[in-house]
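Containing mmCIF, C-alpha atoms and all ligand atoms: final_12.cif.
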```cif
data_coords
loop_
_atom_site.label_atom_id
_atom_site.label_comp_id
_atom_site.auth_asym_id
_atom_site.auth_seq_id
_atom_site.Cartn_x
_atom_site.Cartn_y
_atom_site.Cartn_z
CA MET O 1 43.29 17.89 2.46
CA GLN O 2 43.07 21.63 1.97
CA ARG O 3 41.14 23.74 4.42
CA VAL O 4 37.43 22.94 4.14
CA TYR O 5 35.21 26.01 4.09
CA MET O 6 31.58 25.24 4.90
CA ASP O 7 30.42 28.64 6.10
CA HIS O 8 29.00 30.13 2.91
CA SER O 9 25.99 31.60 4.68
CA ALA O 10 28.40 33.84 6.56
CA THR O 11 30.25 34.89 3.43
CA THR O 12 31.68 33.52 0.16
CA PRO O 13 34.95 33.99 -1.71
CA VAL O 14 34.73 36.51 -4.55
CA ALA O 15 34.61 34.79 -7.95
CA PRO O 16 37.77 35.40 -10.02
CA GLU O 17 35.76 36.89 -12.92
CA VAL O 18 34.20 39.31 -10.44
CA VAL O 19 37.57 40.35 -9.02
CA LYS O 20 38.81 41.01 -12.54
CA VAL O 21 35.98 43.32 -13.52
CA MET O 22 36.17 45.12 -10.18
CA VAL O 23 39.86 45.83 -10.65
CA ALA O 24 39.12 47.34 -14.05
CA TYR O 25 36.60 49.71 -12.45
CA CYS O 26 39.16 50.72 -9.83
CA THR O 27 41.97 51.39 -12.28
CA GLU O 28 41.21 52.38 -15.92
CA LYS O 29 37.48 53.00 -15.53
CA TYR O 30 37.45 55.05 -12.36
CA GLY O 31 35.02 57.79 -13.38
CA ASN O 32 32.29 59.18 -11.17
CA PRO O 33 28.89 58.18 -12.62
CA SER O 34 27.61 61.73 -11.98
CA SER O 35 30.31 63.39 -14.12
CA ILE O 36 29.46 64.73 -17.58
CA HIS O 37 32.73 63.78 -19.34
CA SER O 38 33.49 60.46 -21.02
CA PHE O 39 34.95 58.96 -17.82
CA GLY O 40 31.70 59.71 -16.05
CA ARG O 41 29.55 58.44 -18.90
CA GLU O 42 31.50 55.20 -19.04
CA ALA O 43 30.99 54.75 -15.29
CA LYS O 44 27.30 55.58 -15.54
CA MET O 45 26.81 53.02 -18.28
CA ALA O 46 28.55 50.33 -16.26
CA LEU O 47 26.43 51.18 -13.23
CA GLU O 48 23.23 50.87 -15.25
CA GLU O 49 24.35 47.62 -16.79
CA ALA O 50 25.00 46.23 -13.30
CA ARG O 51 21.56 47.39 -12.22
CA GLY O 52 20.09 45.44 -15.12
CA GLN O 53 22.02 42.31 -14.15
CA VAL O 54 20.76 42.48 -10.56
CA ALA O 55 17.20 43.14 -11.75
CA GLY O 56 17.48 40.22 -14.17
CA LEU O 57 18.11 37.71 -11.40
CA ILE O 58 14.85 38.57 -9.62
CA GLY O 59 12.51 39.44 -12.48
CA ALA O 60 12.49 43.16 -11.70
CA ARG O 61 13.00 46.28 -13.82
CA PRO O 62 16.40 47.97 -13.58
CA GLU O 63 14.86 51.20 -12.29
CA GLU O 64 13.45 49.26 -9.34
CA ILE O 65 16.95 48.44 -8.02
CA THR O 66 18.75 50.69 -5.52
CA PHE O 67 22.35 49.84 -4.68
CA THR O 68 23.27 49.88 -1.00
CA SER O 69 26.24 49.02 1.19
CA GLY O 70 24.87 45.52 1.77
CA GLY O 71 21.96 43.50 3.07
CA THR O 72 21.88 45.29 6.39
CA GLU O 73 21.48 48.72 4.85
CA ALA O 74 18.86 47.44 2.40
CA ASP O 75 16.82 45.97 5.28
CA ASN O 76 17.09 49.22 7.24
CA MET O 77 16.21 51.30 4.18
CA ALA O 78 13.14 49.20 3.35
CA ILE O 79 11.70 49.01 6.84
CA ILE O 80 12.40 52.51 8.12
CA GLY O 81 11.75 54.02 4.69
CA VAL O 82 8.26 52.49 4.49
CA ALA O 83 7.42 53.12 8.15
CA GLU O 84 8.25 56.82 7.81
CA ALA O 85 6.57 57.25 4.43
CA TYR O 86 3.31 55.52 5.38
CA LYS O 87 2.93 56.39 9.07
CA LYS O 88 -0.09 58.60 8.38
CA LYS O 89 -1.87 55.52 7.08
CA GLY O 90 -1.03 53.37 10.09
CA ARG O 91 1.65 52.49 12.58
CA HIS O 92 1.42 48.74 12.88
CA LEU O 93 4.21 46.51 11.57
CA ILE O 94 4.52 42.72 11.31
CA THR O 95 7.65 40.57 11.17
CA SER O 96 8.72 37.08 12.24
CA ALA O 97 10.75 35.79 15.18
CA ILE O 98 13.43 34.23 12.97
CA GLU O 99 14.51 37.28 10.97
CA HIS O 100 18.14 38.34 10.65
CA HIS O 101 19.22 40.92 13.22
CA ALA O 102 19.29 43.55 10.46
CA VAL O 103 15.51 43.21 10.29
CA LEU O 104 14.67 42.46 13.92
CA GLU O 105 16.75 45.26 15.40
CA THR O 106 15.36 47.74 12.90
CA PHE O 107 11.80 46.86 13.86
CA GLU O 108 12.71 47.07 17.53
CA TYR O 109 14.05 50.56 16.96
CA LEU O 110 10.74 51.54 15.36
CA ALA O 111 8.76 49.88 18.15
CA LYS O 112 10.54 52.20 20.58
CA ASN O 113 9.76 55.19 18.41
CA GLY O 114 6.03 55.34 17.96
CA PHE O 115 5.25 52.18 16.00
CA GLU O 116 3.58 48.96 17.12
CA LEU O 117 5.11 45.63 16.29
CA THR O 118 3.77 42.09 16.04
CA VAL O 119 6.41 39.36 15.92
CA LEU O 120 5.06 36.17 14.38
CA PRO O 121 5.95 32.78 15.88
CA VAL O 122 7.26 29.89 13.80
CA ASP O 123 6.59 26.15 13.96
CA GLU O 124 9.15 23.55 15.06
CA GLU O 125 10.65 23.53 11.56
CA GLY O 126 11.19 27.27 11.59
CA ILE O 127 8.37 28.19 9.24
CA VAL O 128 5.86 31.04 9.59
CA SER O 129 2.24 30.06 9.04
CA LEU O 130 -0.06 32.02 6.79
CA ALA O 131 -2.82 31.74 9.40
CA GLU O 132 -0.61 33.56 11.93
CA VAL O 133 0.04 36.35 9.44
CA GLU O 134 -3.67 36.67 8.78
CA LYS O 135 -4.42 36.78 12.51
CA ALA O 136 -1.84 39.53 13.06
CA ILE O 137 -3.13 41.88 10.37
CA ARG O 138 -4.96 44.97 11.65
CA PRO O 139 -6.64 47.87 9.85
CA ASP O 140 -3.57 50.03 10.63
CA THR O 141 -0.95 47.50 9.42
CA ILE O 142 1.33 49.11 6.85
CA LEU O 143 4.17 46.62 6.41
CA ILE O 144 4.79 42.87 6.66
CA SER O 145 8.39 41.64 6.52
CA VAL O 146 9.15 37.91 6.38
CA MET O 147 12.45 36.56 5.10
CA HIS O 148 12.61 34.28 2.07
CA ALA O 149 14.98 31.68 3.52
CA ASN O 150 16.43 31.58 7.00
CA ASN O 151 20.19 31.96 7.36
CA GLU O 152 20.56 29.56 10.29
CA VAL O 153 18.27 26.61 9.61
CA GLY O 154 17.55 27.12 5.90
CA SER O 155 13.77 27.09 6.26
CA ILE O 156 12.07 28.52 3.17
CA GLN O 157 9.08 30.66 4.05
CA PRO O 158 5.75 30.75 2.19
CA VAL O 159 6.51 34.26 0.96
CA ALA O 160 4.43 34.14 -2.23
CA ALA O 161 1.31 33.39 -0.17
CA ILE O 162 2.19 36.00 2.47
CA GLY O 163 2.81 38.52 -0.30
CA ALA O 164 -0.53 37.70 -1.91
CA LEU O 165 -2.31 38.19 1.40
CA ALA O 166 -0.55 41.51 1.97
CA LYS O 167 -1.47 42.66 -1.52
CA GLU O 168 -5.11 41.72 -1.02
CA ARG O 169 -5.20 43.80 2.16
CA GLY O 170 -3.34 46.77 0.71
CA ILE O 171 -0.28 46.21 2.93
CA LEU O 172 3.30 46.46 1.68
CA PHE O 173 5.41 43.30 1.77
CA HIS O 174 9.17 43.17 2.26
CA THR O 175 11.31 40.05 2.15
CA ASP O 176 14.97 39.58 3.02
CA ALA O 177 16.21 37.30 0.24
CA VAL O 178 19.91 37.47 1.07
CA GLN O 179 20.19 33.72 1.62
CA SER O 180 17.95 32.55 -1.20
CA LEU O 181 19.39 34.82 -3.90
CA GLY O 182 21.20 32.78 -6.52
CA LYS O 183 20.30 29.51 -4.79
CA ILE O 184 16.63 29.18 -5.64
CA PRO O 185 14.75 31.02 -8.40
CA ILE O 186 13.37 34.38 -7.31
CA ASN O 187 10.75 36.35 -9.14
CA VAL O 188 9.41 39.44 -7.41
CA GLN O 189 6.12 39.18 -9.33
CA GLU O 190 5.53 35.59 -8.26
CA LEU O 191 6.57 36.38 -4.70
CA ASN O 192 4.27 39.43 -4.62
CA ALA O 193 7.15 41.34 -3.05
CA ASP O 194 7.10 45.13 -2.89
CA LEU O 195 10.59 45.31 -1.43
CA LEU O 196 13.33 42.68 -1.51
CA THR O 197 16.78 42.71 0.10
CA MET O 198 19.94 41.34 -1.54
CA SER O 199 23.63 41.17 -0.64
CA ALA O 200 26.62 40.56 -2.93
CA HIS O 201 29.01 38.80 -0.56
CA LYS O 202 26.72 35.83 -0.05
CA ILE O 203 26.77 35.06 -3.79
CA TYR O 204 30.51 35.27 -4.63
CA GLY O 205 30.46 39.04 -4.94
CA PRO O 206 32.28 41.63 -2.82
CA LYS O 207 31.49 42.58 0.77
CA GLY O 208 29.94 45.96 1.38
CA VAL O 209 27.54 45.95 -1.57
CA GLY O 210 23.91 45.00 -1.76
CA ALA O 211 20.67 46.18 -3.24
CA LEU O 212 17.06 46.82 -2.44
CA PHE O 213 14.30 46.10 -4.93
CA VAL O 214 11.57 48.71 -4.55
CA ARG O 215 8.49 48.10 -6.66
CA LYS O 216 7.54 51.04 -8.86
CA GLY O 217 5.06 53.21 -6.99
CA VAL O 218 6.23 52.28 -3.48
CA ARG O 219 7.35 55.35 -1.55
CA LEU O 220 10.37 55.38 0.75
CA GLU O 221 11.26 58.25 3.03
CA GLU O 222 14.68 59.61 2.14
CA ARG O 223 17.22 58.69 4.81
CA ALA O 224 20.61 59.92 3.62
CA TYR O 225 20.83 63.51 2.47
CA GLY O 226 23.35 64.72 -0.07
CA GLY O 227 23.87 64.52 -3.80
CA GLY O 228 20.63 62.67 -4.50
CA GLN O 229 22.14 59.61 -6.15
CA GLU O 230 20.10 56.42 -6.61
CA LYS O 231 16.89 58.42 -7.20
CA LYS O 232 17.43 60.28 -3.93
CA ARG O 233 17.14 56.98 -2.06
CA ARG O 234 20.81 56.80 -1.25
CA SER O 235 22.96 59.87 -1.58
CA GLY O 236 26.69 59.39 -1.91
CA THR O 237 28.98 58.55 -4.82
CA GLU O 238 28.10 55.07 -5.99
CA ASN O 239 30.38 52.15 -5.17
CA LEU O 240 31.03 51.46 -8.83
CA PRO O 241 33.51 48.55 -8.54
CA GLY O 242 31.19 46.99 -5.98
CA ALA O 243 28.06 47.43 -8.08
CA VAL O 244 29.76 46.11 -11.21
CA GLY O 245 31.07 43.12 -9.26
CA PHE O 246 27.65 42.47 -7.76
CA GLY O 247 26.05 42.69 -11.22
CA LEU O 248 28.39 40.08 -12.63
CA ALA O 249 27.95 37.86 -9.56
CA CYS O 250 24.18 37.95 -10.19
CA GLU O 251 24.63 37.09 -13.83
CA LEU O 252 26.89 34.15 -13.00
CA ALA O 253 24.57 32.93 -10.23
CA GLY O 254 21.65 32.97 -12.66
CA GLN O 255 23.52 30.99 -15.30
CA ARG O 256 24.55 28.28 -12.86
CA LEU O 257 21.55 28.28 -10.58
CA GLU O 258 19.78 25.02 -11.43
CA GLU O 259 22.85 22.92 -11.94
CA GLU O 260 24.51 24.20 -8.78
CA ALA O 261 21.32 23.82 -6.72
CA GLU O 262 21.11 20.17 -7.74
CA ARG O 263 24.74 19.57 -6.81
CA LEU O 264 24.44 21.32 -3.45
CA ARG O 265 21.21 19.54 -2.60
CA LYS O 266 22.97 16.23 -3.04
CA LEU O 267 25.93 17.24 -0.86
CA ARG O 268 23.57 18.66 1.74
CA ASP O 269 21.64 15.43 2.05
CA GLN O 270 24.80 13.34 2.18
CA LEU O 271 26.06 15.45 5.04
CA LEU O 272 22.75 15.55 6.91
CA LEU O 273 22.16 11.84 6.57
CA GLY O 274 25.79 11.00 7.30
CA ILE O 275 25.76 12.96 10.54
CA THR O 276 22.57 11.38 11.82
CA GLU O 277 23.82 7.90 10.89
CA ARG O 278 27.21 8.28 12.52
CA ILE O 279 26.40 10.24 15.65
CA PRO O 280 23.76 9.28 18.25
CA PHE O 281 21.62 11.92 19.96
CA VAL O 282 21.52 14.34 17.07
CA LYS O 283 18.57 16.47 16.06
CA ILE O 284 18.20 18.00 12.61
CA ASN O 285 17.08 21.61 12.86
CA GLY O 286 14.83 22.96 10.12
CA PRO O 287 12.76 21.22 7.47
CA LEU O 288 13.84 18.44 5.14
CA GLY O 289 13.47 18.30 1.38
CA GLU O 290 12.11 21.09 -0.78
CA ARG O 291 11.40 23.50 2.06
CA ARG O 292 15.07 23.54 3.06
CA LEU O 293 17.63 25.77 1.39
CA VAL O 294 19.82 23.67 -0.90
CA ASN O 295 23.08 24.42 0.93
CA ASN O 296 22.07 24.37 4.59
CA VAL O 297 22.86 21.72 7.19
CA ASN O 298 21.97 22.50 10.81
CA VAL O 299 22.03 19.97 13.61
CA SER O 300 21.96 20.01 17.39
CA ILE O 301 24.42 17.58 18.85
CA GLN O 302 23.42 16.85 22.40
CA PHE O 303 25.81 16.83 25.35
CA VAL O 304 28.34 19.08 23.63
CA GLU O 305 28.73 22.83 23.25
CA GLY O 306 28.54 24.32 19.77
CA GLU O 307 31.61 26.44 20.49
CA SER O 308 33.70 23.42 21.48
CA LEU O 309 32.61 21.65 18.31
CA LEU O 310 33.69 24.63 16.22
CA LEU O 311 37.10 24.69 17.85
CA GLY O 312 37.47 20.94 17.36
CA LEU O 313 36.53 21.27 13.70
CA ASP O 314 38.87 24.22 13.27
CA MET O 315 41.76 22.07 14.51
CA VAL O 316 41.21 19.75 11.55
CA GLU O 317 40.78 22.73 9.20
CA ILE O 318 37.01 22.61 8.85
CA ALA O 319 35.18 25.94 9.00
CA ALA O 320 31.56 25.81 10.14
CA SER O 321 29.47 27.95 12.46
CA SER O 322 27.14 27.69 15.41
CA GLY O 323 24.13 29.93 15.33
CA SER O 324 24.79 32.90 13.08
CA ALA O 325 28.17 34.53 12.63
CA CYS O 326 26.90 37.73 14.20
CA THR O 327 25.70 36.04 17.38
CA SER O 328 28.59 33.69 17.92
CA GLY O 329 31.05 35.33 20.22
CA SER O 330 28.16 35.91 22.57
CA LEU O 331 26.90 33.06 24.69
CA ASP O 332 23.24 33.69 23.94
CA PRO O 333 21.71 30.76 22.13
CA SER O 334 20.32 31.46 18.69
CA HIS O 335 17.01 33.35 18.70
CA VAL O 336 15.99 31.27 15.70
CA LEU O 337 16.42 27.92 17.45
CA LEU O 338 14.67 29.22 20.57
CA ALA O 339 11.75 30.43 18.44
CA MET O 340 11.52 26.90 17.03
CA GLY O 341 10.98 25.62 20.55
CA LEU O 342 14.42 24.18 21.27
CA SER O 343 15.60 24.27 24.87
CA HIS O 344 18.61 26.48 25.68
CA GLU O 345 20.66 23.37 26.25
CA ILE O 346 19.91 21.79 22.87
CA ALA O 347 20.23 25.14 21.08
CA HIS O 348 23.73 25.52 22.54
CA GLY O 349 24.93 22.35 20.81
CA SER O 350 23.92 23.51 17.37
CA LEU O 351 26.17 23.43 14.37
CA ARG O 352 25.66 24.89 10.90
CA PHE O 353 27.42 23.83 7.74
CA SER O 354 26.59 25.99 4.73
CA LEU O 355 27.84 24.55 1.48
CA GLY O 356 29.08 26.37 -1.59
CA LYS O 357 30.68 26.32 -4.98
CA GLN O 358 34.04 24.79 -4.05
CA ASN O 359 32.76 22.04 -1.74
CA THR O 360 33.04 18.45 -3.00
CA GLU O 361 31.92 14.96 -2.02
CA ASP O 362 35.44 14.34 -0.73
CA GLU O 363 35.08 17.27 1.62
CA VAL O 364 31.75 16.00 2.88
CA ALA O 365 33.40 12.62 3.50
CA TYR O 366 36.25 14.36 5.35
CA VAL O 367 33.74 16.09 7.65
CA LEU O 368 31.88 12.84 8.21
CA GLU O 369 35.12 11.15 9.15
CA ASN O 370 36.19 13.84 11.61
CA LEU O 371 33.03 15.14 13.24
CA PRO O 372 32.07 11.86 15.03
CA LYS O 373 35.56 11.65 16.55
CA ILE O 374 35.36 15.21 17.84
CA VAL O 375 31.89 14.63 19.26
CA GLU O 376 32.94 11.40 20.93
CA ARG O 377 35.95 13.09 22.52
CA LEU O 378 33.90 15.99 23.85
CA ARG O 379 31.20 13.67 25.14
CA THR O 380 33.64 11.70 27.26
CA MET O 381 33.70 14.82 29.41
CA SER O 382 29.93 14.89 29.79
CA PRO O 383 28.38 13.05 32.76
CA LEU O 384 24.95 13.62 31.22
CA TYR O 385 25.96 11.68 28.14
CA ASP O 386 26.98 8.66 30.21
CA LYS O 387 23.63 8.68 31.90
CA ALA O 388 21.73 9.01 28.64
CA LYS O 389 23.69 6.19 27.06
CA GLN O 390 22.88 3.88 29.96
CA SER O 391 19.21 4.70 30.24
CA GLY O 392 18.62 5.04 26.51
CA LEU O 393 15.43 6.78 27.57
CA SER O 394 13.79 10.00 26.43
CA LEU O 395 16.55 10.93 23.97
CA LYS O 396 15.91 9.59 20.54
CA ARG O 397 18.48 8.81 17.93
CA GLY O 398 18.21 10.92 14.78
C1 LIG O 401 24.13 38.21 5.71
C2 LIG O 401 22.70 38.56 5.86
C3 LIG O 401 22.28 39.89 5.95
C4 LIG O 401 23.25 41.03 6.04
O1 LIG O 401 23.87 41.31 4.82
P1 LIG O 401 25.23 42.18 4.83
O2 LIG O 401 25.48 42.42 3.39
O3 LIG O 401 26.26 41.32 5.47
O4 LIG O 401 24.95 43.41 5.57
C5 LIG O 401 20.94 40.15 6.04
N1 LIG O 401 20.04 39.16 6.02
C6 LIG O 401 20.39 37.87 5.94
C7 LIG O 401 19.35 36.82 5.91
C8 LIG O 401 21.73 37.52 5.86
O5 LIG O 401 22.09 36.25 5.79
#
```

Can the structure in the file be given as structure tokens, please?
Ligand SMILES: *Cc1c(COP(=O)(O)O)cnc(C)c1O
Amino acid sequence: MQRVYMDHSATTPVAPEVVKVMVAYCTEKYGNPSSIHSFGREAKMALEEARGQVAGLIGARPEEITFTSGGTEADNMAIIGVAEAYKKKGRHLITSAIEHHAVLETFEYLAKNGFELTVLPVDEEGIVSLAEVEKAIRPDTILISVMHANNEVGSIQPVAAIGALAKERGILFHTDAVQSLGKIPINVQELNADLLTMSAHKIYGPKGVGALFVRKGVRLEERAYGGGQEKKRRSGTENLPGAVGFGLACELAGQRLEEEAERLRKLRDQLLLGITERIPFVKINGPLGERRLVNNVNVSIQFVEGESLLLGLDMVEIAASSGSACTSGSLDPSHVLLAMGLSHEIAHGSLRFSLGKQNTEDEVAYVLENLPKIVERLRTMSPLYDKAKQSGLSLKRG
């Protein structure tokens, strides 16, 4: 068995077609899109074609796409850009407790600098309720930001309804769609999104490239000063190989979306079901069925530490994650799982498998063969597990 990579929500390998086109834009076609000569014009055309490919995947117009250095920058640009541009209208902002750090930390920065923030709770499945959004809205609310699909537990949020509510109240709506892009259909009109964040490296594109959709008419305060590229939204010579690679990755994701979603959904359910059947005292985190991202498996395995599980899996060449890649390394339990009402103890034993293009049924079977053994070995060291096994009380199977 080759190494099994099941951490696609952290990052993905770059598709070979994408690598090829990127190399061409590093070598023969290296012009600066701002130059007048033929090298520059060739680069400019490629940049605009890439913009069209990104726009095409989300039902936007090319001129509504701004390339960035990734999802993090796009989130920062959207949130700070709107807050600064609309602060005369109001200073109240709304987001949810399960956002990526790129969103949460940005809002916390604003909350320390003259803005007021409401952080919406989620239910036990990790979903924001429309009623809570409605309750949080104030006359001075200028921006609501709720992610499309959560990176840890795969919960898909009711963004179309939240967007509709925002629109009705004259409030701008931003959604971080990094995890849903290319996995489920996205249409910015249907989602009523004014701003939408994307990242290339989660969809088989290169790291360090992303984009922000900004609906025509939405103002953003300029944040980087310089040559005025990207309609003055992001000065600096464009990352042409990155943008071209991202464009192609979007095109490929769109072509394969439905077929791949179906395949991943099947693998996901095999893995989820297999884990709960083979291992006692396991809790599935996040929703089941249609409200769960097609590639996400997240479980809490009681009486073991997530970190020990990861090391055990790594020894048999399986790559997974506990919490999000950015928070592992610290011992804080995931803010997402805590927001869903899990205790610190249960949150600590959480494990995420995020499936992708190269995963197969054989690989799922390999994980299902190895994970129970690792869990069993770790649990022999847990006195709590012995007790639970004997009493069979409060802790349910499944
Ligand atoms: C990965 C991720 C980001 C950050 O994107 P980068 O391109 O790595 O900066 C933002 N939001 C979500 C939901 C993510 O999963």

Please report as a tab-separated table every residue of chain O lying within 8 Å of ligand LIG 401 (chain O), along with the nearest atom pair and their distance in Å (one decimal), using all atoms listed in the file.
```
residue	atom	partner	partner_atom	distance
O:Ser9	CA	O:LIG401	O5	6.2
O:Ala10	CA	O:LIG401	C1	6.2
O:Thr11	CA	O:LIG401	C1	7.3
O:Ser69	CA	O:LIG401	O2	7.0
O:Gly70	CA	O:LIG401	O2	3.6
O:Gly71	CA	O:LIG401	O1	3.4
O:Thr72	CA	O:LIG401	O4	3.7
O:Glu73	CA	O:LIG401	O4	6.4
O:Ala74	CA	O:LIG401	O4	8.0
O:Asp75	CA	O:LIG401	C5	7.2
O:Glu99	CA	O:LIG401	C7	7.0
O:His100	CA	O:LIG401	N1	5.1
O:His101	CA	O:LIG401	C5	7.4
O:Ala102	CA	O:LIG401	C5	5.8
O:Val103	CA	O:LIG401	N1	7.4
O:Met147	CA	O:LIG401	C7	7.0
O:Ala149	CA	O:LIG401	C7	7.2
O:Asn150	CA	O:LIG401	C7	6.1
O:Asn151	CA	O:LIG401	O5	4.9
O:Asp176	CA	O:LIG401	N1	5.9
O:Ala177	CA	O:LIG401	C7	6.5
O:Val178	CA	O:LIG401	C6	4.9
O:Gln179	CA	O:LIG401	O5	5.2
O:Thr197	CA	O:LIG401	N1	7.6
O:Met198	CA	O:LIG401	O1	7.5
O:Ser199	CA	O:LIG401	O2	4.6
O:Ala200	CA	O:LIG401	O2	6.7
O:His201	CA	O:LIG401	O2	6.4
O:Lys202	CA	O:LIG401	C1	6.7
O:Lys207	CA	O:LIG401	O2	6.6
O:Gly208	CA	O:LIG401	O2	6.0
O:Val209	CA	O:LIG401	O2	6.4
O:Gly210	CA	O:LIG401	O2	6.0
```

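Distances from O:Gln229, O:Asn192, O:Thr66, O:Thr237 to Asn32 in chain O were compared using all atoms listed in the file, and the smallest one belongs to O:Thr237.
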
Where's the centre, and what are the edge lengths in Å to one decimal, of a box along x, y and z enclosing all listed atoms of range 125-140 of chain O padded 3 Å per side, as AutoDock Vina command-line options?
```
--center_x 2.3 --center_y 36.8 --center_z 9.9 --size_x 23.8 --size_y 32.5 --size_z 12.3
```

note - CA of Thr68 in chain O and CA of Ser96 in chain O are separated by 23.5 Å

Practice item. For Ala55 in chain O, work out the shell of residues within 9 Å, counting all atoms listed in the file and skipping chain neighbours fewer than 5 positions away, then give it as a ChimeraX atom specification. Key: /O:50,60-65,213,247,250

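Among the candidate residues O:Ala253, O:Arg291, O:Glu305, O:Ser334, the one lying nearest to Ala15 in chain O is O:Ala253, with distances computed using only C-alpha atoms.
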
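When all atoms listed in the file are used to measure the gap to Tyr385 in chain O, the shortest distance among O:Gly81, O:Gln302, O:Gly286, O:Phe107 belongs to O:Gln302.
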
The residue from O:Ala164, O:Ile98, O:Ile79, O:Val23 with the smallest atom-to-atom distance to Val336 in chain O, counting all atoms listed in the file, is O:Ile98

Min atom-atom distance to Arg379 in chain O from the set O:Ile301, O:Glu48, O:Leu248, O:Glu290, counting all atoms listed in the file, belongs to O:Ile301

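Here CA of Lys20 in chain O is placed at a distance of 26.5 Å from CA of Arg234 in chain O.
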
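Taking CA of Leu257 in chain O and CA of Val122 in chain O as the two end points, the separation is 28.3 Å.
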
Env of Leu338 in chain O: 12 Å cut, atoms = only C-alpha atoms, seq-sep filter 4 positions within chain, self excluded. Answer as a PyMOL selection string.
chain O and resi 97-98+121-126+152-153+285+323+332-334+342-348+350

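Counting only C-alpha atoms, the residue from O:Ile137, O:Ala193, O:Ala24, O:Leu47 that sits nearest to Ile94 in chain O is O:Ile137.
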
Which residues come within 12 Å of range 37-44 of chain O, counting only C-alpha atoms, excluding same-chain residues fewer than 3 positions away, as a PyMOL selection string? chain O and resi 24-34+47-51+229-230+237-241+243-244

Expected answer as a ChimeraX atom specification: all residues with atoms within 12 Å of (11.6, 33.9, -7.9), all atoms listed in the file: /O:55-60,148,159-160,175,177,180-193,196,254,257

From the structure block, carefully write range 68-108 of chain O out with C-alpha atoms; format it as a compact mmCIF listing (two decimals), in the first residue's frame.
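Output file decode.txt is given in full below:
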```
# COMPACT_ATOMS: atom_id res chain seq x y z
CA THR O 68 -5.18 37.32 -4.09
CA SER O 69 -2.42 35.35 -2.39
CA GLY O 70 -4.95 32.82 -1.09
CA GLY O 71 -8.06 32.33 0.99
CA THR O 72 -6.63 34.13 3.99
CA GLU O 73 -5.91 37.32 2.09
CA ALA O 74 -9.31 37.19 0.37
CA ASP O 75 -11.06 36.89 3.74
CA ASN O 76 -9.04 39.78 5.15
CA MET O 77 -9.65 41.89 2.06
CA ALA O 78 -13.40 41.30 2.11
CA ILE O 79 -13.96 41.92 5.79
CA ILE O 80 -11.61 44.82 6.43
CA GLY O 81 -12.33 46.30 3.00
CA VAL O 82 -16.08 46.43 3.65
CA ALA O 83 -15.74 47.53 7.29
CA GLU O 84 -13.56 50.49 6.29
CA ALA O 85 -15.62 51.44 3.25
CA TYR O 86 -19.00 51.35 5.02
CA LYS O 87 -18.14 52.46 8.56
CA LYS O 88 -20.04 55.74 8.14
CA LYS O 89 -23.18 53.67 7.63
CA GLY O 90 -22.65 51.51 10.70
CA ARG O 91 -20.09 49.66 12.75
CA HIS O 92 -21.78 46.40 13.60
CA LEU O 93 -20.53 43.13 12.12
CA ILE O 94 -21.89 39.58 12.33
CA THR O 95 -20.05 36.28 11.91
CA SER O 96 -20.31 32.72 13.24
CA ALA O 97 -18.40 30.81 15.91
CA ILE O 98 -17.18 28.14 13.48
CA GLU O 99 -15.41 30.33 10.91
CA HIS O 100 -11.85 29.69 9.78
CA HIS O 101 -9.24 31.66 11.72
CA ALA O 102 -8.72 33.86 8.67
CA VAL O 103 -12.23 35.19 9.25
CA LEU O 104 -12.46 35.06 13.04
CA GLU O 105 -9.13 36.73 13.71
CA THR O 106 -9.89 39.46 11.18
CA PHE O 107 -13.18 40.25 12.90
CA GLU O 108 -11.46 40.21 16.28
```
